[in-house]
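Asks: Got a file for you: run_26.csv, CSV, C-alpha atoms.
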```
chain,number,residue,atom,x,y,z
A,1,MET,CA,0.0,0.0,0.0
A,2,ASN,CA,2.9,2.4,0.9
A,3,THR,CA,4.5,1.6,-2.5
A,4,LEU,CA,1.2,2.2,-4.3
A,5,SER,CA,0.7,5.5,-2.5
A,6,ALA,CA,4.2,6.6,-3.3
A,7,LEU,CA,3.7,5.7,-7.0
A,8,LYS,CA,0.5,7.8,-7.1
A,9,ASN,CA,2.2,10.7,-5.4
A,10,SER,CA,5.0,10.6,-8.0
A,11,ILE,CA,2.6,10.4,-11.0
A,12,SER,CA,0.3,13.2,-9.8
A,13,PRO,CA,2.9,16.0,-10.2
A,14,CYS,CA,3.6,14.8,-13.8
A,15,ILE,CA,-0.1,14.8,-14.7
A,16,ALA,CA,-0.4,18.2,-13.2
A,17,ALA,CA,2.5,19.5,-15.2
A,18,LEU,CA,1.2,18.1,-18.4
A,19,CYS,CA,-2.2,19.6,-17.7
A,20,ALA,CA,-0.6,23.0,-17.1
A,21,VAL,CA,1.2,22.8,-20.5
A,22,PHE,CA,-2.0,21.8,-22.4
A,23,CYS,CA,-4.0,24.4,-20.5
A,24,LEU,CA,-1.5,27.1,-21.7
A,25,LEU,CA,-1.8,25.9,-25.3
A,26,LEU,CA,-5.5,25.2,-25.6
A,27,PRO,CA,-7.4,28.2,-24.2
A,28,PRO,CA,-6.8,30.5,-27.2
A,29,LEU,CA,-8.2,27.9,-29.6
A,30,ALA,CA,-11.0,26.9,-27.3
A,31,PHE,CA,-12.0,30.5,-26.6
A,32,ALA,CA,-11.8,31.3,-30.4
A,33,GLN,CA,-14.1,28.3,-31.1
A,34,ASP,CA,-16.5,29.3,-28.3
A,35,GLU,CA,-16.5,32.9,-29.6
A,36,ASN,CA,-17.2,31.8,-33.2
A,37,THR,CA,-19.9,29.4,-31.9
A,38,ASP,CA,-21.5,32.1,-29.8
A,39,THR,CA,-21.4,34.6,-32.8
A,40,THR,CA,-23.0,32.0,-35.1
A,41,LEU,CA,-25.6,31.1,-32.4
A,42,ARG,CA,-26.4,34.8,-31.8
A,43,GLU,CA,-26.9,35.3,-35.6
A,44,ARG,CA,-29.2,32.3,-35.8
A,45,ILE,CA,-31.2,33.4,-32.8
A,46,LYS,CA,-31.5,36.9,-34.3
A,47,GLN,CA,-32.6,35.5,-37.6
A,48,ARG,CA,-35.1,33.2,-36.0
A,49,VAL,CA,-36.6,36.0,-33.9
A,50,ALA,CA,-36.9,38.2,-37.0
A,51,GLU,CA,-38.6,35.5,-39.0
A,52,ARG,CA,-41.1,34.9,-36.2
A,53,ARG,CA,-41.7,38.6,-35.9
A,54,GLU,CA,-42.3,38.8,-39.7
A,55,ALA,CA,-44.6,35.7,-39.6
A,56,ARG,CA,-46.6,37.2,-36.6
A,57,GLN,CA,-47.0,40.5,-38.5
A,58,ASP,CA,-48.1,38.8,-41.6
A,59,THR,CA,-50.6,36.7,-39.7
A,60,ASP,CA,-52.0,39.7,-37.9
A,61,ALA,CA,-52.2,41.7,-41.1
A,62,SER,CA,-53.9,39.0,-43.1
A,63,ALA,CA,-56.4,38.3,-40.3
A,64,ALA,CA,-57.2,42.0,-40.0
A,65,ALA,CA,-57.6,42.4,-43.7
A,66,LYS,CA,-59.4,39.1,-44.5
A,67,ILE,CA,-61.0,39.4,-47.9
A,68,HIS,CA,-64.8,38.9,-48.0
A,69,ALA,CA,-65.7,40.6,-51.3
A,70,PRO,CA,-64.6,40.5,-54.9
A,71,GLY,CA,-62.2,43.2,-56.1
A,72,ASP,CA,-58.6,44.2,-56.6
A,73,TYR,CA,-56.3,44.3,-53.5
A,74,VAL,CA,-52.7,45.2,-52.9
A,75,ARG,CA,-50.6,43.6,-50.2
A,76,SER,CA,-47.1,43.8,-48.9
A,77,LEU,CA,-45.0,41.7,-46.5
A,78,LYS,CA,-41.6,41.7,-45.0
A,79,TYR,CA,-39.3,38.9,-46.0
A,80,HIS,CA,-35.5,38.7,-45.4
A,81,GLY,CA,-35.4,42.4,-44.6
A,82,LEU,CA,-37.2,43.4,-47.9
A,83,THR,CA,-40.7,44.8,-48.4
A,84,ARG,CA,-42.2,42.7,-51.1
A,85,THR,CA,-45.6,43.4,-52.7
A,86,TYR,CA,-48.3,41.6,-54.7
A,87,ARG,CA,-51.8,42.2,-56.1
A,88,ILE,CA,-54.8,39.9,-55.6
A,89,TYR,CA,-57.7,39.9,-57.9
A,90,VAL,CA,-60.9,38.2,-56.6
A,91,PRO,CA,-63.6,37.6,-59.2
A,92,ARG,CA,-67.2,38.4,-58.8
A,93,ALA,CA,-68.2,34.7,-58.6
A,94,TYR,CA,-66.1,34.2,-55.4
A,95,GLN,CA,-67.9,33.1,-52.4
A,96,THR,CA,-66.4,32.6,-49.0
A,97,SER,CA,-68.2,29.3,-48.7
A,98,THR,CA,-66.6,27.8,-51.8
A,99,ALA,CA,-62.9,27.0,-52.2
A,100,ALA,CA,-61.6,28.8,-55.4
A,101,PRO,CA,-58.7,27.9,-57.6
A,102,LEU,CA,-55.6,30.1,-57.3
A,103,LEU,CA,-53.3,31.2,-60.1
A,104,LEU,CA,-50.0,33.1,-59.5
A,105,ALA,CA,-49.0,35.1,-62.6
A,106,PHE,CA,-45.4,36.2,-62.8
A,107,HIS,CA,-44.4,39.2,-64.9
A,108,GLY,CA,-41.5,39.2,-67.3
A,109,GLY,CA,-38.0,40.6,-66.6
A,110,GLY,CA,-38.0,44.3,-66.3
A,111,GLY,CA,-41.8,44.4,-65.7
A,112,ASP,CA,-43.8,44.5,-62.5
A,113,MET,CA,-47.1,43.3,-61.0
A,114,ASP,CA,-49.1,46.2,-62.4
A,115,TYR,CA,-47.9,45.5,-65.9
A,116,MET,CA,-48.8,41.8,-65.7
A,117,ALA,CA,-52.3,42.7,-64.3
A,118,LYS,CA,-53.1,45.0,-67.3
A,119,ASP,CA,-56.0,43.2,-68.8
A,120,GLU,CA,-55.5,44.8,-72.2
A,121,TYR,CA,-52.1,43.2,-72.4
A,122,TYR,CA,-52.5,39.8,-70.9
A,123,GLY,CA,-56.3,39.3,-70.3
A,124,LEU,CA,-55.8,37.4,-67.1
A,125,ILE,CA,-58.4,39.5,-65.2
A,126,SER,CA,-61.0,38.7,-67.8
A,127,LYS,CA,-60.1,35.0,-67.7
A,128,ALA,CA,-60.3,35.0,-63.9
A,129,GLU,CA,-63.8,36.5,-64.2
A,130,ALA,CA,-64.9,33.9,-66.8
A,131,GLU,CA,-63.5,30.9,-64.9
A,132,GLY,CA,-64.0,32.0,-61.3
A,133,PHE,CA,-60.4,31.7,-60.1
A,134,VAL,CA,-58.4,34.1,-57.9
A,135,VAL,CA,-55.3,35.5,-59.5
A,136,VAL,CA,-52.3,36.9,-57.7
A,137,PHE,CA,-49.7,39.1,-59.4
A,138,PRO,CA,-46.4,39.0,-57.4
A,139,ASN,CA,-43.8,41.8,-57.9
A,140,GLY,CA,-40.3,40.6,-58.5
A,141,TYR,CA,-37.2,42.1,-56.9
A,142,SER,CA,-36.5,45.7,-57.7
A,143,LYS,CA,-33.9,48.1,-56.4
A,144,PHE,CA,-36.5,50.9,-56.9
A,145,LYS,CA,-39.1,51.9,-54.3
A,146,SER,CA,-41.7,51.9,-57.1
A,147,GLY,CA,-41.1,48.2,-57.7
A,148,LYS,CA,-40.6,48.9,-61.4
A,149,PHE,CA,-38.0,47.1,-63.6
A,150,ALA,CA,-38.2,44.0,-61.4
A,151,THR,CA,-36.8,40.5,-62.1
A,152,TRP,CA,-37.1,37.0,-60.7
A,153,ASN,CA,-34.3,34.7,-59.5
A,154,ALA,CA,-35.2,31.7,-61.7
A,155,GLY,CA,-31.8,30.0,-61.4
A,156,SER,CA,-29.6,31.1,-64.3
A,157,CYS,CA,-31.6,34.2,-64.9
A,158,CYS,CA,-32.2,37.1,-64.4
A,159,ALA,CA,-30.3,40.3,-63.5
A,160,ASP,CA,-30.4,41.7,-59.9
A,161,ALA,CA,-32.7,39.0,-58.5
A,162,ARG,CA,-30.2,36.3,-59.7
A,163,ASP,CA,-27.1,38.3,-58.9
A,164,LYS,CA,-28.2,39.1,-55.3
A,165,ASN,CA,-29.6,35.5,-54.9
A,166,ILE,CA,-33.0,36.8,-53.9
A,167,ASP,CA,-35.1,34.1,-52.2
A,168,ASP,CA,-38.1,34.4,-54.5
A,169,VAL,CA,-39.3,30.8,-53.7
A,170,GLY,CA,-39.5,31.8,-50.0
A,171,PHE,CA,-41.4,34.9,-51.0
A,172,VAL,CA,-43.9,32.8,-53.0
A,173,LYS,CA,-44.4,30.5,-50.0
A,174,LYS,CA,-45.2,33.6,-47.9
A,175,ILE,CA,-47.7,34.8,-50.4
A,176,ILE,CA,-49.5,31.5,-50.5
A,177,GLY,CA,-49.6,31.3,-46.8
A,178,SER,CA,-51.1,34.8,-46.5
A,179,VAL,CA,-53.6,34.4,-49.4
A,180,THR,CA,-54.9,31.1,-48.1
A,181,ARG,CA,-55.5,32.8,-44.7
A,182,GLU,CA,-57.4,35.7,-46.4
A,183,LEU,CA,-59.4,33.6,-48.9
A,184,ASN,CA,-61.0,30.2,-49.2
A,185,ILE,CA,-58.6,28.6,-51.6
A,186,ASN,CA,-58.7,25.1,-53.1
A,187,ARG,CA,-55.3,23.8,-52.2
A,188,GLN,CA,-55.5,21.0,-54.9
A,189,MET,CA,-55.9,23.7,-57.6
A,190,ILE,CA,-52.9,26.1,-57.1
A,191,PHE,CA,-51.2,27.0,-60.4
A,192,ALA,CA,-48.4,29.2,-61.7
A,193,THR,CA,-47.8,30.9,-65.0
A,194,GLY,CA,-45.5,33.6,-66.2
A,195,MET,CA,-44.1,35.5,-69.2
A,196,SER,CA,-40.4,35.1,-70.1
A,197,ASN,CA,-38.4,35.5,-66.8
A,198,GLY,CA,-41.8,34.9,-65.1
A,199,GLY,CA,-42.2,31.6,-67.0
A,200,MET,CA,-38.7,30.6,-65.9
A,201,MET,CA,-39.7,31.4,-62.3
A,202,SER,CA,-42.7,29.1,-62.8
A,203,TYR,CA,-40.3,26.3,-63.7
A,204,ARG,CA,-38.3,26.9,-60.5
A,205,LEU,CA,-41.5,26.6,-58.5
A,206,ALA,CA,-42.3,23.3,-60.3
A,207,CYS,CA,-38.9,22.1,-59.2
A,208,GLU,CA,-39.0,23.2,-55.6
A,209,MET,CA,-42.7,23.5,-54.8
A,210,SER,CA,-44.4,20.7,-56.7
A,211,ASP,CA,-46.1,19.7,-53.4
A,212,THR,CA,-47.9,23.0,-53.6
A,213,PHE,CA,-48.5,23.6,-57.3
A,214,ALA,CA,-50.7,21.2,-59.3
A,215,ALA,CA,-49.4,22.6,-62.6
A,216,ILE,CA,-47.4,25.4,-64.2
A,217,ALA,CA,-47.6,27.1,-67.6
A,218,ALA,CA,-44.5,28.9,-68.9
A,219,VAL,CA,-44.9,31.4,-71.8
A,220,ALA,CA,-41.7,32.4,-73.8
A,221,GLY,CA,-39.4,31.3,-70.9
A,222,THR,CA,-37.5,28.1,-70.8
A,223,ASP,CA,-36.3,26.1,-67.7
A,224,GLY,CA,-33.2,27.8,-66.3
A,225,THR,CA,-33.1,26.0,-62.9
A,226,LEU,CA,-29.7,25.1,-61.6
A,227,ASN,CA,-30.9,22.1,-59.6
A,228,CYS,CA,-34.2,20.4,-60.1
A,229,GLN,CA,-35.5,17.6,-57.9
A,230,PRO,CA,-39.3,18.0,-57.6
A,231,PRO,CA,-40.8,16.4,-54.4
A,232,LYS,CA,-43.5,15.0,-56.6
A,233,PRO,CA,-44.6,15.0,-60.3
A,234,VAL,CA,-46.1,18.2,-61.6
A,235,SER,CA,-47.9,19.0,-64.8
A,236,VAL,CA,-46.1,21.4,-67.2
A,237,LEU,CA,-47.3,23.4,-70.2
A,238,HIS,CA,-44.9,25.3,-72.3
A,239,ILE,CA,-46.0,27.9,-74.9
A,240,HIS,CA,-43.5,29.4,-77.3
A,241,ALA,CA,-43.2,31.1,-80.7
A,242,LYS,CA,-40.8,29.6,-83.2
A,243,ASN,CA,-39.6,33.0,-84.1
A,244,ASP,CA,-39.0,34.3,-80.6
A,245,ASP,CA,-36.2,36.7,-81.0
A,246,ARG,CA,-35.2,36.9,-77.3
A,247,VAL,CA,-35.5,33.4,-75.7
A,248,LEU,CA,-34.6,31.5,-78.9
A,249,PHE,CA,-36.6,28.4,-79.6
A,250,ASN,CA,-33.5,26.3,-80.2
A,251,GLY,CA,-31.5,27.8,-77.4
A,252,GLY,CA,-29.5,30.9,-76.7
A,253,ALA,CA,-30.2,34.6,-76.1
A,254,GLY,CA,-31.4,36.8,-78.9
A,255,LYS,CA,-29.4,39.9,-80.1
A,256,LYS,CA,-32.1,42.3,-78.9
A,257,PHE,CA,-30.9,42.1,-75.3
A,258,ARG,CA,-29.0,45.3,-74.5
A,259,ASP,CA,-26.9,43.6,-71.9
A,260,GLU,CA,-26.5,39.9,-72.2
A,261,SER,CA,-24.9,39.6,-68.8
A,262,LYS,CA,-28.3,40.3,-67.3
A,263,VAL,CA,-29.7,37.1,-68.9
A,264,THR,CA,-28.2,33.8,-69.8
A,265,ASP,CA,-27.6,31.3,-72.6
A,266,PHE,CA,-31.2,30.1,-72.5
A,267,VAL,CA,-32.0,26.4,-72.6
A,268,SER,CA,-33.8,25.4,-75.8
A,269,VAL,CA,-37.5,24.6,-75.8
A,270,PRO,CA,-36.9,20.9,-76.9
A,271,ASP,CA,-34.4,20.4,-74.1
A,272,THR,CA,-36.8,21.9,-71.6
A,273,ILE,CA,-39.6,19.6,-72.7
A,274,ALA,CA,-37.3,16.6,-72.7
A,275,LYS,CA,-36.2,17.4,-69.2
A,276,TRP,CA,-39.8,17.4,-67.8
A,277,VAL,CA,-40.8,14.4,-69.8
A,278,ASN,CA,-38.0,12.6,-68.0
A,279,LEU,CA,-38.7,14.1,-64.6
A,280,ASN,CA,-42.3,13.1,-64.8
A,281,ARG,CA,-41.6,9.7,-66.3
A,282,CYS,CA,-43.9,10.2,-69.2
A,283,ASN,CA,-44.3,8.3,-72.4
A,284,THR,CA,-41.7,9.8,-74.7
A,285,THR,CA,-44.1,9.7,-77.8
A,286,PRO,CA,-46.3,12.8,-77.8
A,287,GLN,CA,-49.9,12.9,-79.0
A,288,SER,CA,-51.3,15.8,-81.1
A,289,VAL,CA,-54.0,17.6,-79.1
A,290,LEU,CA,-54.3,20.8,-81.3
A,291,LYS,CA,-53.4,21.5,-84.9
A,292,LYS,CA,-54.1,24.7,-86.6
A,293,PRO,CA,-52.5,26.7,-89.4
A,294,ARG,CA,-49.4,28.3,-87.9
A,295,ALA,CA,-49.9,26.6,-84.5
A,296,TYR,CA,-49.9,23.2,-82.8
A,297,CYS,CA,-50.0,21.5,-79.4
A,298,GLU,CA,-48.7,18.1,-78.5
A,299,GLN,CA,-48.9,16.3,-75.1
A,300,TYR,CA,-46.8,13.7,-73.4
A,301,SER,CA,-49.0,11.5,-71.2
A,302,GLN,CA,-48.9,8.2,-69.2
A,303,CYS,CA,-46.7,10.1,-66.7
A,304,GLN,CA,-46.4,9.4,-63.0
A,305,ALA,CA,-49.3,10.5,-60.8
A,306,SER,CA,-51.4,11.2,-63.9
A,307,VAL,CA,-49.6,14.5,-64.7
A,308,ALA,CA,-48.9,15.6,-68.2
A,309,VAL,CA,-46.4,17.6,-70.2
A,310,GLN,CA,-47.7,19.7,-73.1
A,311,LEU,CA,-46.0,21.9,-75.7
A,312,CYS,CA,-47.8,24.5,-77.7
A,313,VAL,CA,-45.9,26.2,-80.6
A,314,THR,CA,-46.9,29.2,-82.8
A,315,ASP,CA,-45.1,30.1,-86.0
A,316,THR,CA,-45.2,33.8,-85.3
A,317,GLY,CA,-45.6,36.2,-82.5
A,318,GLY,CA,-42.0,36.7,-81.4
A,319,HIS,CA,-41.4,37.2,-77.7
A,320,SER,CA,-45.0,37.6,-76.6
A,321,TRP,CA,-48.2,36.2,-74.9
A,322,PRO,CA,-50.4,34.5,-77.6
A,323,GLY,CA,-53.9,36.1,-77.7
A,324,GLY,CA,-52.7,39.2,-75.8
A,325,THR,CA,-51.5,42.5,-77.1
A,326,LYS,CA,-48.0,44.0,-77.1
A,327,PRO,CA,-47.5,47.7,-76.6
A,328,ARG,CA,-43.9,47.6,-77.9
A,329,GLY,CA,-42.1,45.7,-80.7
A,330,SER,CA,-42.7,45.3,-84.4
A,331,GLU,CA,-44.5,42.0,-84.3
A,332,PRO,CA,-47.9,41.5,-82.5
A,333,PRO,CA,-48.6,38.3,-80.5
A,334,SER,CA,-50.1,35.3,-82.4
A,335,LYS,CA,-53.9,35.2,-82.4
A,336,VAL,CA,-54.0,31.6,-83.6
A,337,ILE,CA,-54.2,30.4,-80.0
A,338,SER,CA,-55.0,32.1,-76.7
A,339,ALA,CA,-52.4,31.4,-74.0
A,340,ASN,CA,-55.0,31.9,-71.3
A,341,ASP,CA,-57.5,29.5,-72.9
A,342,VAL,CA,-54.9,26.7,-73.6
A,343,MET,CA,-53.5,27.2,-70.1
A,344,TRP,CA,-56.7,27.0,-68.2
A,345,ASP,CA,-58.0,24.0,-70.2
A,346,PHE,CA,-54.7,22.2,-69.4
A,347,PHE,CA,-54.9,23.1,-65.7
A,348,ILE,CA,-58.5,21.8,-65.4
A,349,ALA,CA,-57.8,18.6,-67.4
A,350,THR,CA,-54.7,17.7,-65.5
A,351,SER,CA,-56.3,18.5,-62.1
A,352,LYS,CA,-59.2,16.1,-62.8
A,353,ASN,CA,-56.7,13.3,-63.6
A,354,LYS,CA,-55.2,13.5,-60.1
```
Taking this structure as input, can you express it in the form of structure tokens?
Replies:
Amino acid sequence: MNTLSALKNSISPCIAALCAVFCLLLPPLAFAQDENTDTTLRERIKQRVAERREARQDTDASAAAKIHAPGDYVRSLKYHGLTRTYRIYVPRAYQTSTAAPLLLAFHGGGGDMDYMAKDEYYGLISKAEAEGFVVVFPNGYSKFKSGKFATWNAGSCCADARDKNIDDVGFVKKIIGSVTRELNINRQMIFATGMSNGGMMSYRLACEMSDTFAAIAAVAGTDGTLNCQPPKPVSVLHIHAKNDDRVLFNGGAGKKFRDESKVTDFVSVPDTIAKWVNLNRCNTTPQSVLKKPRAYCEQYSQCQASVAVQLCVTDTGGHSWPGGTKPRGSEPPSKVISANDVMWDFFIATSKNK
């Protein structure tokens, strides 16, 4: 026992000395790690508190401004430190007792929600009245207080929204959360459409929010997503003019762009369709569903979950919305088909198949 005690007594000073050496060496590193951890933790807590405050404000605002009557409404919300806006159009047929379909319509690059909502240009207000759906016109990211000259972060395009990596998907989620609190919405019939950069944004939503959107319709804007792994299959309609001089049918950016760095080397229409036929596991042989002089539509069916992929092509019209009007440019939109009619027929047909 005396020997064992003596051994313990001789080892203890050695251990103490080693501890002293390690203690002298380790604290700066340990303290630095703790400091970094504390800073990161503080940032996360601060962000979480801000998100909860924003969510609380949005809930209070939507509850206070709950929509009971048809009309045109403007809303704003705070998201990631930005004030984002959108318009809601509620048709005369809307009744609080009946769940209405919801369409989100995204303006083109350099546009804004008011431009997309102009009925003389796009006709979406008239279509909402005819079919009884609620239509929301979100405003993209703009560095101007007016919200003008806005763009969407659709992946590879476009401009400031892409370059600043604006979270437009998160913004859309906030919109839907708010609108579904204000209105009685049929959650099985939520759709997205868009023109050009707005059509590209619709593709991003199909990739990242297919559990929310039943179908999307992109007009004159191909799929520019950087990573696409849809949680579930989603129906896709694409409408494009063969002679589009901006988003070229066979890929690339047209020469009419003043600054090509603000856009991208656009994916072709055929490659976009092939991508979604593959993602939805459709039969690779399309069936003709519409054939007219200077326009046709073909559909890929037998997809997973009874979704579909449809392509409608016009010979003329350039970079425009078929059936609409175009205040600028030398070539008017094609009148052979109506984007609104083809789109809504596709939405209703594919929703019934689910």
Asks: Check the smallest atom-to-atom distance from each of A:Val234, A:Val90, A:Ile166, A:Val269 to Leu248 (chain A) using all atoms listed in the file, then report the winner.
Replies: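 Among the listed residues, A:Val269 lies closest to Leu248 (chain A).
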Asks: Can you work out the spacing between CA of Pro327 (chain A) and CA of Gly123 (chain A) in Å, to one decimal?
Replies: 13.7 Å
Asks: Return the single residue from A:Ala241, A:Cys282, A:Val309, A:Met189 that is closest to Lys352 (chain A), with distances computed using all atoms listed in the file.
Replies: A:Met189
Asks: With only C-alpha atoms as the counted atoms, please give the residues lying no more than 9 Å from Phe149 (chain A), apart from itself and same-chain residues fewer than 6 positions off, as a ChimeraX atom specification.
Replies: /A:109-112,140-143
Asks: Which residue, A:Gln229, A:Asp244, A:Thr285, A:Tyr89, has the smallest gap to Gly329 (chain A) when you use only C-alpha atoms?
Replies: A:Asp244
Asks: Under the rule that all atoms listed in the file are counted, which of A:Gly251, A:Gly224, A:Pro286, A:Gly132 is the nearest residue to Leu103 (chain A)?
Replies: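 Smallest separation from Leu103 (chain A) among the options: A:Gly132.
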Asks: Excluding Asp163 (chain A) and its own-chain neighbours fewer than 4 positions away, which residues fall within 12 Å of it when counting all atoms listed in the file? Please give them as a PyMOL selection string.
Replies: chain A and resi 141+151-159+167+261-264
Asks: Can you tell me how far CA of His240 (chain A) sits from CA of Ala117 (chain A), in Å to one decimal?
Replies: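 These two atoms are separated by 20.6 Å.
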Asks: Report, in Å to a single decimal, how far apart CA of Lys118 (chain A) and CA of Gln310 (chain A) are.
Replies: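 Computing the Euclidean distance for CA of Gln310 (chain A) and CA of Lys118 (chain A) yields 26.5 Å.
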Asks: Which is closest to Ile239 (chain A) among A:Phe137, A:Phe346, A:Phe171, A:Phe257, if we use all atoms listed in the file?
Replies: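 When distances to Ile239 (chain A) are compared using all atoms listed in the file, the smallest one comes from A:Phe346.
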Asks: Determine the nearest neighbour of Ile273 (chain A) from the options A:Arg92, A:His238, A:Lys326, A:Arg258, counting all atoms listed in the file.
Replies: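 Between A:Arg92, A:His238, A:Lys326, A:Arg258, the residue approaching Ile273 (chain A) most closely is A:His238.
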Asks: Please provide the set of residues having any atom within 12 Å of Lys127 (chain A), restricted to all atoms listed in the file, with same-chain residues fewer than 2 positions apart removed, written as a count of residues only.
Replies: 29
